[in-house]
>>> print(open('coords26.pdb').read())   # PDB, C-alpha atoms
ATOM      1  CA  MET A 263      23.560-185.580  -6.464
ATOM      2  CA  ASN A 264      24.037-188.241  -9.112
ATOM      3  CA  THR A 265      27.022-190.539  -8.954
ATOM      4  CA  GLY A 266      28.880-191.672 -12.045
ATOM      5  CA  ARG A 267      27.199-195.076 -11.802
ATOM      6  CA  GLU A 268      23.726-193.503 -11.690
ATOM      7  CA  THR A 269      24.573-191.434 -14.747
ATOM      8  CA  ALA A 270      25.772-194.561 -16.556
ATOM      9  CA  MET A 271      22.466-196.304 -15.769
ATOM     10  CA  THR A 272      20.289-193.594 -17.298
ATOM     11  CA  LEU A 273      19.317-192.593 -20.813
ATOM     12  CA  SER A 274      18.862-188.988 -21.874
ATOM     13  CA  LEU A 275      16.229-189.451 -24.538
ATOM     14  CA  LYS A 276      15.671-187.037 -27.381
ATOM     15  CA  PRO A 277      12.899-187.205 -29.986
ATOM     16  CA  ARG A 278      13.831-189.519 -32.864
ATOM     17  CA  VAL A 279      14.231-187.840 -36.211
ATOM     18  CA  ASP A 280      12.262-190.629 -37.909
ATOM     19  CA  PHE A 281       9.528-190.855 -35.260
ATOM     20  CA  ILE A 282       6.092-190.661 -36.861
ATOM     21  CA  ASP A 283       3.583-188.526 -34.992
ATOM     22  CA  THR A 284       0.252-189.189 -36.683
ATOM     23  CA  HIS A 285      -3.157-188.626 -35.110
ATOM     24  CA  TYR A 286      -3.266-192.283 -34.018
ATOM     25  CA  VAL A 287       0.141-192.068 -32.318
ATOM     26  CA  ARG A 288      -0.627-188.699 -30.733
ATOM     27  CA  ASP A 289      -3.810-190.145 -29.250
ATOM     28  CA  LEU A 290      -1.896-193.021 -27.619
ATOM     29  CA  THR A 291       0.821-190.660 -26.390
ATOM     30  CA  ASN A 292      -1.590-188.120 -24.928
ATOM     31  CA  ARG A 293      -3.624-190.781 -23.135
ATOM     32  CA  ALA A 294      -0.478-192.230 -21.585
ATOM     33  CA  LEU A 295       0.782-188.805 -20.469
ATOM     34  CA  GLN A 296      -2.581-187.976 -18.905
ATOM     35  CA  TYR A 297      -2.478-191.162 -16.820
ATOM     36  CA  ILE A 298       1.115-190.439 -15.782
ATOM     37  CA  MET A 299       0.213-186.879 -14.765
ATOM     38  CA  ALA A 300      -2.588-188.347 -12.651
ATOM     39  CA  GLY A 301       0.017-190.470 -10.851
ATOM     40  CA  PHE A 302      -0.592-193.865 -12.462
ATOM     41  CA  PRO A 303       1.952-196.204 -14.092
ATOM     42  CA  VAL A 304       1.211-196.953 -17.752
ATOM     43  CA  HIS A 305       1.307-200.396 -19.354
ATOM     44  CA  PHE A 306       1.433-200.854 -23.146
ATOM     45  CA  SER A 307       0.198-204.347 -23.991
ATOM     46  CA  GLY A 308       0.100-205.906 -27.446
ATOM     47  CA  PRO A 309       1.698-208.306 -29.921
ATOM     48  CA  ALA A 310       5.347-208.149 -30.912
ATOM     49  CA  GLY A 311       6.266-205.721 -33.650
ATOM     50  CA  VAL A 312       3.548-203.090 -33.161
ATOM     51  CA  GLY A 313       5.884-200.495 -31.661
ATOM     52  CA  LYS A 314       5.243-200.804 -27.913
ATOM     53  CA  THR A 315       8.850-200.202 -26.877
ATOM     54  CA  THR A 316       9.284-197.280 -29.263
ATOM     55  CA  LEU A 317       6.062-195.769 -27.960
ATOM     56  CA  ALA A 318       7.099-196.320 -24.325
ATOM     57  CA  LEU A 319      10.446-194.592 -24.889
ATOM     58  CA  HIS A 320       8.690-191.767 -26.751
ATOM     59  CA  VAL A 321       6.324-191.210 -23.816
ATOM     60  CA  ALA A 322       9.257-191.419 -21.394
ATOM     61  CA  ALA A 323      11.070-188.714 -23.361
ATOM     62  CA  GLN A 324       8.034-186.451 -22.995
ATOM     63  CA  CYS A 325       8.270-186.765 -19.197
ATOM     64  CA  GLY A 326      11.489-184.751 -19.259
ATOM     65  CA  ARG A 327      13.387-186.885 -16.742
ATOM     66  CA  PRO A 328      16.355-189.259 -17.153
ATOM     67  CA  VAL A 329      15.200-192.725 -18.171
ATOM     68  CA  VAL A 330      16.210-196.072 -16.692
ATOM     69  CA  LEU A 331      15.591-199.054 -18.988
ATOM     70  CA  LEU A 332      14.949-202.590 -17.735
ATOM     71  CA  CYS A 333      14.332-205.574 -20.024
ATOM     72  CA  GLY A 334      12.421-208.535 -18.601
ATOM     73  CA  ASP A 335      14.370-211.766 -18.150
ATOM     74  CA  HIS A 336      13.293-215.122 -16.720
ATOM     75  CA  GLU A 337      16.517-215.260 -14.692
ATOM     76  CA  PHE A 338      15.720-212.008 -12.874
ATOM     77  CA  ASN A 339      15.266-212.014  -9.113
ATOM     78  CA  SER A 340      14.550-209.146  -6.748
ATOM     79  CA  SER A 341      18.252-208.278  -6.434
ATOM     80  CA  ASP A 342      18.366-207.521 -10.164
ATOM     81  CA  LEU A 343      15.783-204.802  -9.515
ATOM     82  CA  ILE A 344      16.881-203.541  -6.085
ATOM     83  CA  GLY A 345      20.608-204.272  -5.984
ATOM     84  CA  GLY A 346      22.995-206.606  -4.234
ATOM     85  CA  LEU A 347      26.487-207.345  -3.050
ATOM     86  CA  ASN A 348      28.617-207.019  -6.121
ATOM     87  CA  GLY A 349      32.368-207.460  -5.995
ATOM     88  CA  TYR A 350      34.845-207.112  -3.149
ATOM     89  CA  HIS A 351      37.424-204.644  -1.935
ATOM     90  CA  LYS A 352      40.594-206.439  -0.895
ATOM     91  CA  LYS A 353      43.271-204.808   1.239
ATOM     92  CA  TYR A 354      46.665-206.434   1.797
ATOM     93  CA  VAL A 355      49.320-204.843   4.018
ATOM     94  CA  LYS A 356      52.816-206.268   4.382
ATOM     95  CA  ASP A 357      54.960-204.825   7.167
ATOM     96  CA  ASN A 358      58.655-205.707   7.002
ATOM     97  CA  PHE A 359      59.937-202.778   9.056
ATOM     98  CA  ILE A 360      61.902-205.187  11.206
ATOM     99  CA  ARG A 361      63.927-207.354   8.887
ATOM    100  CA  SER A 362      63.488-210.536  10.833
ATOM    101  CA  VAL A 363      59.718-210.065  11.267
ATOM    102  CA  ILE A 364      57.060-210.012   8.539
ATOM    103  CA  LYS A 365      53.586-208.821   9.499
ATOM    104  CA  THR A 366      50.694-209.134   7.070
ATOM    105  CA  ASP A 367      47.121-207.884   7.295
ATOM    106  CA  GLU A 368      44.532-208.937   4.742
ATOM    107  CA  SER A 369      40.861-207.908   4.703
ATOM    108  CA  MET A 370      38.075-208.327   2.168
ATOM    109  CA  ILE A 371      34.934-206.168   2.190
ATOM    110  CA  SER A 372      31.911-206.718  -0.069
ATOM    111  CA  HIS A 373      30.241-203.722  -1.705
ATOM    112  CA  TRP A 374      26.537-203.060  -2.114
ATOM    113  CA  VAL A 375      25.515-201.746  -5.537
ATOM    114  CA  ASP A 376      22.046-200.288  -6.156
ATOM    115  CA  SER A 377      20.254-201.626  -9.224
ATOM    116  CA  ARG A 378      18.076-199.679 -11.648
ATOM    117  CA  LEU A 379      14.793-199.725  -9.723
ATOM    118  CA  THR A 380      16.410-198.384  -6.554
ATOM    119  CA  THR A 381      18.195-195.658  -8.498
ATOM    120  CA  ALA A 382      15.006-194.629 -10.301
ATOM    121  CA  CYS A 383      12.982-194.538  -7.063
ATOM    122  CA  GLN A 384      15.657-192.574  -5.234
ATOM    123  CA  GLN A 385      16.356-190.002  -7.948
ATOM    124  CA  GLY A 386      12.872-189.646  -9.416
ATOM    125  CA  PHE A 387      13.798-191.062 -12.810
ATOM    126  CA  THR A 388      11.418-192.600 -15.338
ATOM    127  CA  LEU A 389      11.546-196.405 -15.329
ATOM    128  CA  VAL A 390      10.783-198.185 -18.600
ATOM    129  CA  TYR A 391      10.352-201.905 -17.885
ATOM    130  CA  ASP A 392      10.226-203.534 -21.321
ATOM    131  CA  GLU A 393       8.485-206.919 -21.567
ATOM    132  CA  PHE A 394       8.177-207.143 -17.793
ATOM    133  CA  THR A 395       6.198-210.406 -18.046
ATOM    134  CA  ARG A 396       9.333-212.187 -19.247
ATOM    135  CA  SER A 397      10.517-211.927 -15.642
ATOM    136  CA  ARG A 398       9.092-214.380 -13.135
ATOM    137  CA  PRO A 399       6.177-212.938 -11.110
ATOM    138  CA  GLU A 400       8.009-213.318  -7.796
ATOM    139  CA  ALA A 401      10.851-211.136  -9.090
ATOM    140  CA  ASN A 402       8.360-208.332  -9.723
ATOM    141  CA  ASN A 403       6.718-208.517  -6.285
ATOM    142  CA  VAL A 404       8.815-205.606  -5.059
ATOM    143  CA  LEU A 405       6.959-203.356  -7.510
ATOM    144  CA  LEU A 406       3.689-203.756  -5.601
ATOM    145  CA  SER A 407       4.661-201.468  -2.723
ATOM    146  CA  VAL A 408       6.556-199.131  -5.049
ATOM    147  CA  LEU A 409       3.500-198.460  -7.209
ATOM    148  CA  GLU A 410       0.887-198.383  -4.429
ATOM    149  CA  GLU A 411       2.456-197.258  -1.141
ATOM    150  CA  LYS A 412       5.368-195.419  -2.826
ATOM    151  CA  ILE A 413       7.821-197.300  -0.627
ATOM    152  CA  LEU A 414      10.689-199.554  -1.700
ATOM    153  CA  PRO A 415      11.670-202.223   0.884
ATOM    154  CA  LEU A 416      15.450-202.569   1.130
ATOM    155  CA  PRO A 417      17.487-205.605   2.276
ATOM    156  CA  ALA A 418      19.455-205.360   5.509
ATOM    157  CA  ALA A 419      22.653-206.060   3.569
ATOM    158  CA  ARG A 420      22.402-202.619   1.976
ATOM    159  CA  GLY A 421      22.857-200.894   5.326
ATOM    160  CA  GLY A 422      21.060-197.782   6.466
ATOM    161  CA  GLU A 423      17.290-197.497   6.294
ATOM    162  CA  ASN A 424      15.095-200.530   5.700
ATOM    163  CA  TYR A 425      12.765-198.580   3.410
ATOM    164  CA  LEU A 426      13.220-195.979   0.711
ATOM    165  CA  LYS A 427      10.516-193.400   0.137
ATOM    166  CA  VAL A 428       9.904-193.211  -3.612
ATOM    167  CA  HIS A 429      10.708-189.824  -5.138
ATOM    168  CA  ARG A 430       7.614-187.867  -6.137
ATOM    169  CA  ASP A 431       8.862-187.561  -9.746
ATOM    170  CA  PHE A 432       9.282-191.320 -10.179
ATOM    171  CA  THR A 433       7.326-192.663 -13.150
ATOM    172  CA  ALA A 434       6.947-196.231 -14.418
ATOM    173  CA  ILE A 435       6.086-197.368 -17.942
ATOM    174  CA  PHE A 436       5.673-201.072 -18.721
ATOM    175  CA  THR A 437       5.325-203.098 -21.922
ATOM    176  CA  SER A 438       4.306-206.724 -22.400
ATOM    177  CA  ASN A 439       3.388-209.297 -25.015
ATOM    178  CA  PRO A 440       0.252-211.493 -24.817
ATOM    179  CA  GLU A 441       0.439-214.358 -22.329
ATOM    180  CA  GLU A 442       0.257-216.975 -25.071
ATOM    181  CA  TYR A 443       3.673-215.915 -26.384
ATOM    182  CA  ALA A 444       6.588-218.241 -25.614
ATOM    183  CA  GLY A 445       8.662-217.218 -22.613
ATOM    184  CA  VAL A 446       5.949-214.987 -21.141
ATOM    185  CA  TYR A 447       4.687-215.410 -17.576
ATOM    186  CA  LYS A 448       1.226-214.488 -16.347
ATOM    187  CA  SER A 449       1.596-211.309 -14.311
ATOM    188  CA  GLN A 450       0.047-210.923 -10.877
ATOM    189  CA  ASP A 451      -3.449-209.472 -10.867
ATOM    190  CA  ALA A 452      -2.375-207.203  -8.014
ATOM    191  CA  LEU A 453       0.394-205.718 -10.147
ATOM    192  CA  ARG A 454      -1.809-205.153 -13.196
ATOM    193  CA  ASP A 455      -4.409-203.572 -10.927
ATOM    194  CA  ARG A 456      -1.881-200.880 -10.010
ATOM    195  CA  MET A 457      -1.309-199.721 -13.594
ATOM    196  CA  VAL A 458      -3.406-198.413 -16.471
ATOM    197  CA  THR A 459      -3.207-200.787 -19.433
ATOM    198  CA  ILE A 460      -3.383-199.397 -22.965
ATOM    199  CA  GLU A 461      -3.915-202.061 -25.617
ATOM    200  CA  VAL A 462      -1.690-201.419 -28.639
ATOM    201  CA  ASP A 463      -2.764-203.089 -31.872
ATOM    202  CA  ASN A 464      -1.515-202.692 -35.418
ATOM    203  CA  PHE A 465      -1.480-199.059 -36.515
ATOM    204  CA  ASP A 466      -3.892-197.606 -39.040
ATOM    205  CA  GLU A 467      -2.839-197.611 -42.704
ATOM    206  CA  GLU A 468      -1.772-193.962 -42.701
ATOM    207  CA  THR A 469       0.561-194.495 -39.754
ATOM    208  CA  GLU A 470       2.007-197.743 -41.111
ATOM    209  CA  THR A 471       2.732-196.061 -44.441
ATOM    210  CA  ALA A 472       4.420-193.097 -42.770
ATOM    211  CA  ILE A 473       6.504-195.361 -40.508
ATOM    212  CA  THR A 474       7.578-197.574 -43.421
ATOM    213  CA  ARG A 475       8.617-194.571 -45.475
ATOM    214  CA  ALA A 476      10.524-192.911 -42.614
ATOM    215  CA  ARG A 477      12.328-196.028 -41.381
ATOM    216  CA  SER A 478      13.258-197.491 -44.772
ATOM    217  CA  GLY A 479      13.711-194.434 -46.997
ATOM    218  CA  VAL A 480      11.512-195.677 -49.866
ATOM    219  CA  SER A 481       9.159-193.372 -51.744
ATOM    220  CA  PHE A 482       5.636-192.691 -50.515
ATOM    221  CA  GLU A 483       4.145-194.743 -53.355
ATOM    222  CA  ASP A 484       6.398-197.733 -52.646
ATOM    223  CA  ALA A 485       5.615-197.508 -48.918
ATOM    224  CA  ARG A 486       1.885-197.354 -49.657
ATOM    225  CA  ARG A 487       2.052-200.452 -51.867
ATOM    226  CA  ILE A 488       4.105-202.411 -49.342
ATOM    227  CA  VAL A 489       1.703-201.580 -46.509
ATOM    228  CA  SER A 490      -1.331-202.384 -48.654
ATOM    229  CA  LEU A 491       0.044-205.837 -49.470
ATOM    230  CA  VAL A 492       1.009-206.589 -45.862
ATOM    231  CA  ARG A 493      -2.444-205.595 -44.628
ATOM    232  CA  GLN A 494      -4.099-207.892 -47.180
ATOM    233  CA  VAL A 495      -1.925-210.795 -46.066
ATOM    234  CA  ARG A 496      -2.774-209.992 -42.444
ATOM    235  CA  GLU A 497      -6.495-210.180 -43.154
ATOM    236  CA  ALA A 498      -6.105-213.512 -44.952
ATOM    237  CA  LYS A 499      -4.614-215.200 -41.874
ATOM    238  CA  SER A 500      -6.360-216.608 -38.827
ATOM    239  CA  ASN A 501      -3.987-214.607 -36.628
ATOM    240  CA  LYS A 502      -4.752-211.110 -37.852
ATOM    241  CA  LEU A 503      -2.047-209.500 -35.715
ATOM    242  CA  THR A 504       0.834-210.495 -37.974
ATOM    243  CA  PRO A 505       2.645-209.569 -40.100
ATOM    244  CA  THR A 506       3.167-206.220 -38.374
ATOM    245  CA  VAL A 507       4.627-202.921 -39.526
ATOM    246  CA  ARG A 508       8.028-204.453 -38.806
ATOM    247  CA  ALA A 509       7.588-206.614 -41.926
ATOM    248  CA  CYS A 510       6.837-203.464 -43.933
ATOM    249  CA  ILE A 511      10.049-201.841 -42.702
ATOM    250  CA  VAL A 512      12.120-204.930 -43.540
ATOM    251  CA  MET A 513      10.714-205.069 -47.067
ATOM    252  CA  GLY A 514      11.245-201.344 -47.566
ATOM    253  CA  LYS A 515      14.857-201.467 -46.397
ATOM    254  CA  ILE A 516      15.652-204.370 -48.715
ATOM    255  CA  LEU A 517      14.128-202.569 -51.701
ATOM    256  CA  LYS A 518      16.070-199.424 -50.834
ATOM    257  CA  LEU A 519      19.316-201.339 -50.442
ATOM    258  CA  LYS A 520      18.933-203.133 -53.778
ATOM    259  CA  GLY A 521      17.592-200.110 -55.659
ATOM    260  CA  ALA A 522      14.363-201.963 -56.432
ATOM    261  CA  THR A 523      10.799-200.626 -56.478
ATOM    262  CA  ALA A 524       7.396-201.957 -55.429
ATOM    263  CA  GLN A 525       6.410-202.938 -58.966
ATOM    264  CA  GLY A 526       4.812-206.166 -60.130
ATOM    265  CA  ASN A 527       7.543-206.803 -62.695
ATOM    266  CA  ASP A 528      10.349-206.312 -60.188
ATOM    267  CA  TYR A 529      11.734-209.751 -59.278
ATOM    268  CA  THR A 530      13.455-208.456 -56.140
ATOM    269  CA  PHE A 531      10.201-207.040 -54.779
ATOM    270  CA  ARG A 532       8.248-210.216 -55.442
ATOM    271  CA  GLN A 533      10.886-212.474 -53.917
ATOM    272  CA  THR A 534      11.245-210.183 -50.902
ATOM    273  CA  CYS A 535       7.488-210.372 -50.316
ATOM    274  CA  LEU A 536       7.597-214.165 -50.306
ATOM    275  CA  ASP A 537      10.684-214.344 -48.068
ATOM    276  CA  VAL A 538       9.317-211.927 -45.474
ATOM    277  CA  LEU A 539       5.604-212.766 -45.478
ATOM    278  CA  MET A 540       5.406-216.529 -45.996
ATOM    279  CA  PRO A 541       7.114-217.540 -42.706
ATOM    280  CA  GLU A 542       4.496-215.452 -40.856
ATOM    281  CA  ALA A 543       1.763-217.848 -42.009
ATOM    282  CA  LEU A 544       0.892-221.260 -40.633
ATOM    283  CA  ARG A 545       1.755-224.112 -42.964
ATOM    284  CA  GLU A 546      -1.915-224.774 -43.769
ATOM    285  CA  GLU A 547      -2.428-221.077 -44.585
ATOM    286  CA  ARG A 548       0.502-220.614 -46.936
ATOM    287  CA  ASP A 549      -1.393-221.475 -50.108
ATOM    288  CA  GLU A 550      -3.971-218.814 -49.229
ATOM    289  CA  VAL A 551      -1.266-216.260 -48.432
ATOM    290  CA  ARG A 552       0.484-216.977 -51.724
ATOM    291  CA  ARG A 553      -2.836-216.559 -53.544
ATOM    292  CA  VAL A 554      -3.373-213.173 -51.868
ATOM    293  CA  ILE A 555       0.118-212.056 -52.870
ATOM    294  CA  ASP A 556      -0.394-213.223 -56.469
ATOM    295  CA  GLU A 557      -3.757-211.443 -56.714
ATOM    296  CA  ALA A 558      -2.316-208.258 -55.239
ATOM    297  CA  PHE A 559       0.475-208.276 -57.799
ATOM    298  CA  ALA A 560      -2.014-208.846 -60.608
ATOM    299  CA  ILE A 561      -4.365-206.051 -59.494
ATOM    300  CA  TYR A 562      -2.222-203.387 -57.861
ATOM    301  CA  PHE A 563       1.264-203.877 -59.207
TER     302      PHE A 563
END
>>> encode(input="coords26.pdb", output="structure tokens")
Amino acid sequence: MNTGRETAMTLSLKPRVDFIDTHYVRDLTNRALQYIMAGFPVHFSGPAGVGKTTLALHVAAQCGRPVVLLCGDHEFNSSDLIGGLNGYHKKYVKDNFIRSVIKTDESMISHWVDSRLTTACQQGFTLVYDEFTRSRPEANNVLLSVLEEKILPLPAARGGENYLKVHRDFTAIFTSNPEEYAGVYKSQDALRDRMVTIEVDNFDEETETAITRARSGVSFEDARRIVSLVRQVREAKSNKLTPTVRACIVMGKILKLKGATAQGNDYTFRQTCLDVLMPEALREERDEVRRVIDEAFAIYF
């Protein structure tokens, strides 16, 4: 039976109205669900902005169970995953039954509160641990026995059993950015060995166009032109992972807001391209990126 706190911890996910389900996305989703059905945790790994979190939540929704969301943090320790003593119950009794005598009794009792991992393991919820490598490796050590032996060690302060048998419906989905990103820790090999990693790169052009159109509300033609330009800029850079589809969405939303279109003679569109795309390039690459943008405007717009 779920308590009110457990209910407050969980998300009841429903399919997003603007979620794009192209062949590319369906392939990723189906692969992840197959691994989950086989009993393995799934790990979506890839650069920022390619839709890992959205994909993880989409897969979690397909599992049909309440979802518990955790976001990696370098200040996390094991108690943030398992639980800890949180707050106190204070009782104060004043007895003045006899006028000349005052009797007082004061007691303070600490309360144990389960955290998200314990709740998910106990109730068989789906755990989505977003950017788990932003937490220090030692904080994630507790996951080793959860994923392999299906047992969660519990501190003595919790009271009761020292171990919790993980519910058979428990599922774990992880996301992470590359290790070279700032604020990212190298995960333990033992932890990665317990999960199936799916590399998520930039989507194909069809999917990026559909996502841009759905998330920004621009026309198909405007979305196609925006995506085409962003992909050309991406290829002109040494780091061919950025700009991502997130840049396409930003540009589309700005055009929609200002009533502009993806036309070469539209000042708003041109300036938006420069504002969004130029910061993505290294300083020594900016002349090349500007040249690509100018050529694209001359040829396509």
>>> residues_near_point(input="coords26.pdb", point="(1.2, -205.8, -46.5)", cutoff="10 Å", atoms="only C-alpha atoms", output="PyMOL selection string")
chain A and resi 467+470+485-497+504-507+509-510+513+535+539+555+558
>>> residues_around(input="coords26.pdb", residues="Phe338 (chain A)", least_positions_apart="6", cutoff="12 Å", atoms="all atoms listed in the file", output="count of residues only")
14
>>> residues_around(input="coords26.pdb", residues="region 301-313 of chain A", least_positions_apart="2", cutoff="8 Å", atoms="all atoms listed in the file", output="CSV table (one decimal) with C-alpha atoms, in the coordinates of the input")
chain,number,residue,atom,x,y,z
A,294,ALA,CA,-0.5,-192.2,-21.6
A,297,TYR,CA,-2.5,-191.2,-16.8
A,298,ILE,CA,1.1,-190.4,-15.8
A,299,MET,CA,0.2,-186.9,-14.8
A,315,THR,CA,8.8,-200.2,-26.9
A,316,THR,CA,9.3,-197.3,-29.3
A,317,LEU,CA,6.1,-195.8,-28.0
A,318,ALA,CA,7.1,-196.3,-24.3
A,409,LEU,CA,3.5,-198.5,-7.2
A,433,THR,CA,7.3,-192.7,-13.2
A,434,ALA,CA,6.9,-196.2,-14.4
A,435,ILE,CA,6.1,-197.4,-17.9
A,436,PHE,CA,5.7,-201.1,-18.7
A,437,THR,CA,5.3,-203.1,-21.9
A,438,SER,CA,4.3,-206.7,-22.4
A,439,ASN,CA,3.4,-209.3,-25.0
A,440,PRO,CA,0.3,-211.5,-24.8
A,456,ARG,CA,-1.9,-200.9,-10.0
A,457,MET,CA,-1.3,-199.7,-13.6
A,458,VAL,CA,-3.4,-198.4,-16.5
A,459,THR,CA,-3.2,-200.8,-19.4
A,460,ILE,CA,-3.4,-199.4,-23.0
A,461,GLU,CA,-3.9,-202.1,-25.6
A,462,VAL,CA,-1.7,-201.4,-28.6
A,463,ASP,CA,-2.8,-203.1,-31.9
A,464,ASN,CA,-1.5,-202.7,-35.4
A,465,PHE,CA,-1.5,-199.1,-36.5
A,503,LEU,CA,-2.0,-209.5,-35.7
A,506,THR,CA,3.2,-206.2,-38.4
A,507,VAL,CA,4.6,-202.9,-39.5
A,508,ARG,CA,8.0,-204.5,-38.8
>>> residues_around(input="coords26.pdb", residues="Asp283 (chain A)", least_positions_apart="2", cutoff="12 Å", atoms="all atoms listed in the file", output="list in words")
Pro277, Arg278, Val279, Asp280, Phe281, His285, Tyr286, Val287, Arg288, Asp289, Leu290, Thr291, Asn292, Thr316, Leu317, His320, Val321, Phe465, Glu468, Thr469, Glu470, Ala472, Ile473 and Ala476 of chain A
>>> axis_aligned_box(input="coords26.pdb", around="region 441-450 of chain A", padding_each_side="5 Å", output="lines of an AutoDock Vina configuration file")
center_x = 4.4
center_y = -214.6
center_z = -18.6
size_x = 18.6
size_y = 17.3
size_z = 25.5
>>> closest_residue(input="coords26.pdb", among="A:Val428, A:Leu406, A:Ala498, A:Ala452", to="Leu544 (chain A)", atoms="all atoms listed in the file")
A:Ala498
>>> residues_around(input="coords26.pdb", residues="Pro417 (chain A)", least_positions_apart="3", cutoff="12 Å", atoms="only C-alpha atoms", output="list in words")
Ser340, Ser341, Leu343, Ile344, Gly345, Gly346, Leu347, Trp374, Val375, Asp376, Thr380, Val404, Leu414, Arg420, Gly421, Gly422, Glu423, Asn424, Tyr425 and Leu426 of chain A
>>> residues_near_point(input="coords26.pdb", point="(17.0, -194.1, -5.7)", cutoff="12 Å", atoms="all atoms listed in the file", output="JSON, numbers by chain")
{"A": [263, 264, 265, 267, 268, 271, 330, 343, 344, 345, 375, 376, 377, 378, 379, 380, 381, 382, 383, 384, 385, 386, 387, 388, 389, 408, 413, 414, 415, 416, 425, 426, 427, 428, 429, 430, 431, 432]}
>>> closest_residue(input="coords26.pdb", among="A:Asp455, A:Gln533, A:Gln450, A:Lys515", to="Gly479 (chain A)", atoms="only C-alpha atoms")
A:Lys515
>>> residues_around(input="coords26.pdb", residues="Arg532 (chain A)", least_positions_apart="4", cutoff="10 Å", atoms="all atoms listed in the file", output="JSON, numbers by chain")
{"A": [523, 524, 525, 526, 527, 528, 536, 537, 555, 556, 559]}
>>> closest_residue(input="coords26.pdb", among="A:Gln296, A:Lys518, A:Phe531, A:Glu550", to="Ser481 (chain A)", atoms="only C-alpha atoms")
A:Lys518
>>> atom_distance(input="coords26.pdb", atom1="CA of Glu393 (chain A)", atom2="CA of Gly334 (chain A)")
5.2 Å
>>> build_atoms(input="coords26.pdb", residues="region 291-302 of chain A", atoms="N, CA and C atoms", output="compact mmCIF listing (two decimals), keeping the file's coordinate frame")
# COMPACT_ATOMS: atom_id res chain seq x y z
N THR A 291 -0.14 -191.40 -27.21
CA THR A 291 0.82 -190.66 -26.39
C THR A 291 0.12 -189.78 -25.37
N ASN A 292 -0.88 -189.04 -25.83
CA ASN A 292 -1.59 -188.12 -24.93
C ASN A 292 -2.33 -188.86 -23.82
N ARG A 293 -2.94 -189.99 -24.17
CA ARG A 293 -3.62 -190.78 -23.14
C ARG A 293 -2.64 -191.25 -22.07
N ALA A 294 -1.49 -191.75 -22.53
CA ALA A 294 -0.48 -192.23 -21.58
C ALA A 294 0.02 -191.10 -20.68
N LEU A 295 0.28 -189.94 -21.26
CA LEU A 295 0.78 -188.80 -20.47
C LEU A 295 -0.26 -188.32 -19.46
N GLN A 296 -1.52 -188.38 -19.84
CA GLN A 296 -2.58 -187.98 -18.90
C GLN A 296 -2.62 -188.90 -17.69
N TYR A 297 -2.48 -190.21 -17.93
CA TYR A 297 -2.48 -191.16 -16.82
C TYR A 297 -1.25 -190.95 -15.93
N ILE A 298 -0.11 -190.68 -16.55
CA ILE A 298 1.12 -190.44 -15.78
C ILE A 298 0.98 -189.18 -14.93
N MET A 299 0.42 -188.12 -15.52
CA MET A 299 0.21 -186.88 -14.76
C MET A 299 -0.74 -187.09 -13.59
N ALA A 300 -1.65 -188.04 -13.74
CA ALA A 300 -2.59 -188.35 -12.65
C ALA A 300 -1.95 -189.24 -11.59
N GLY A 301 -0.71 -189.68 -11.84
CA GLY A 301 0.02 -190.47 -10.85
C GLY A 301 -0.04 -191.97 -11.04
N PHE A 302 -0.47 -192.42 -12.23
CA PHE A 302 -0.59 -193.86 -12.46
C PHE A 302 0.50 -194.37 -13.40
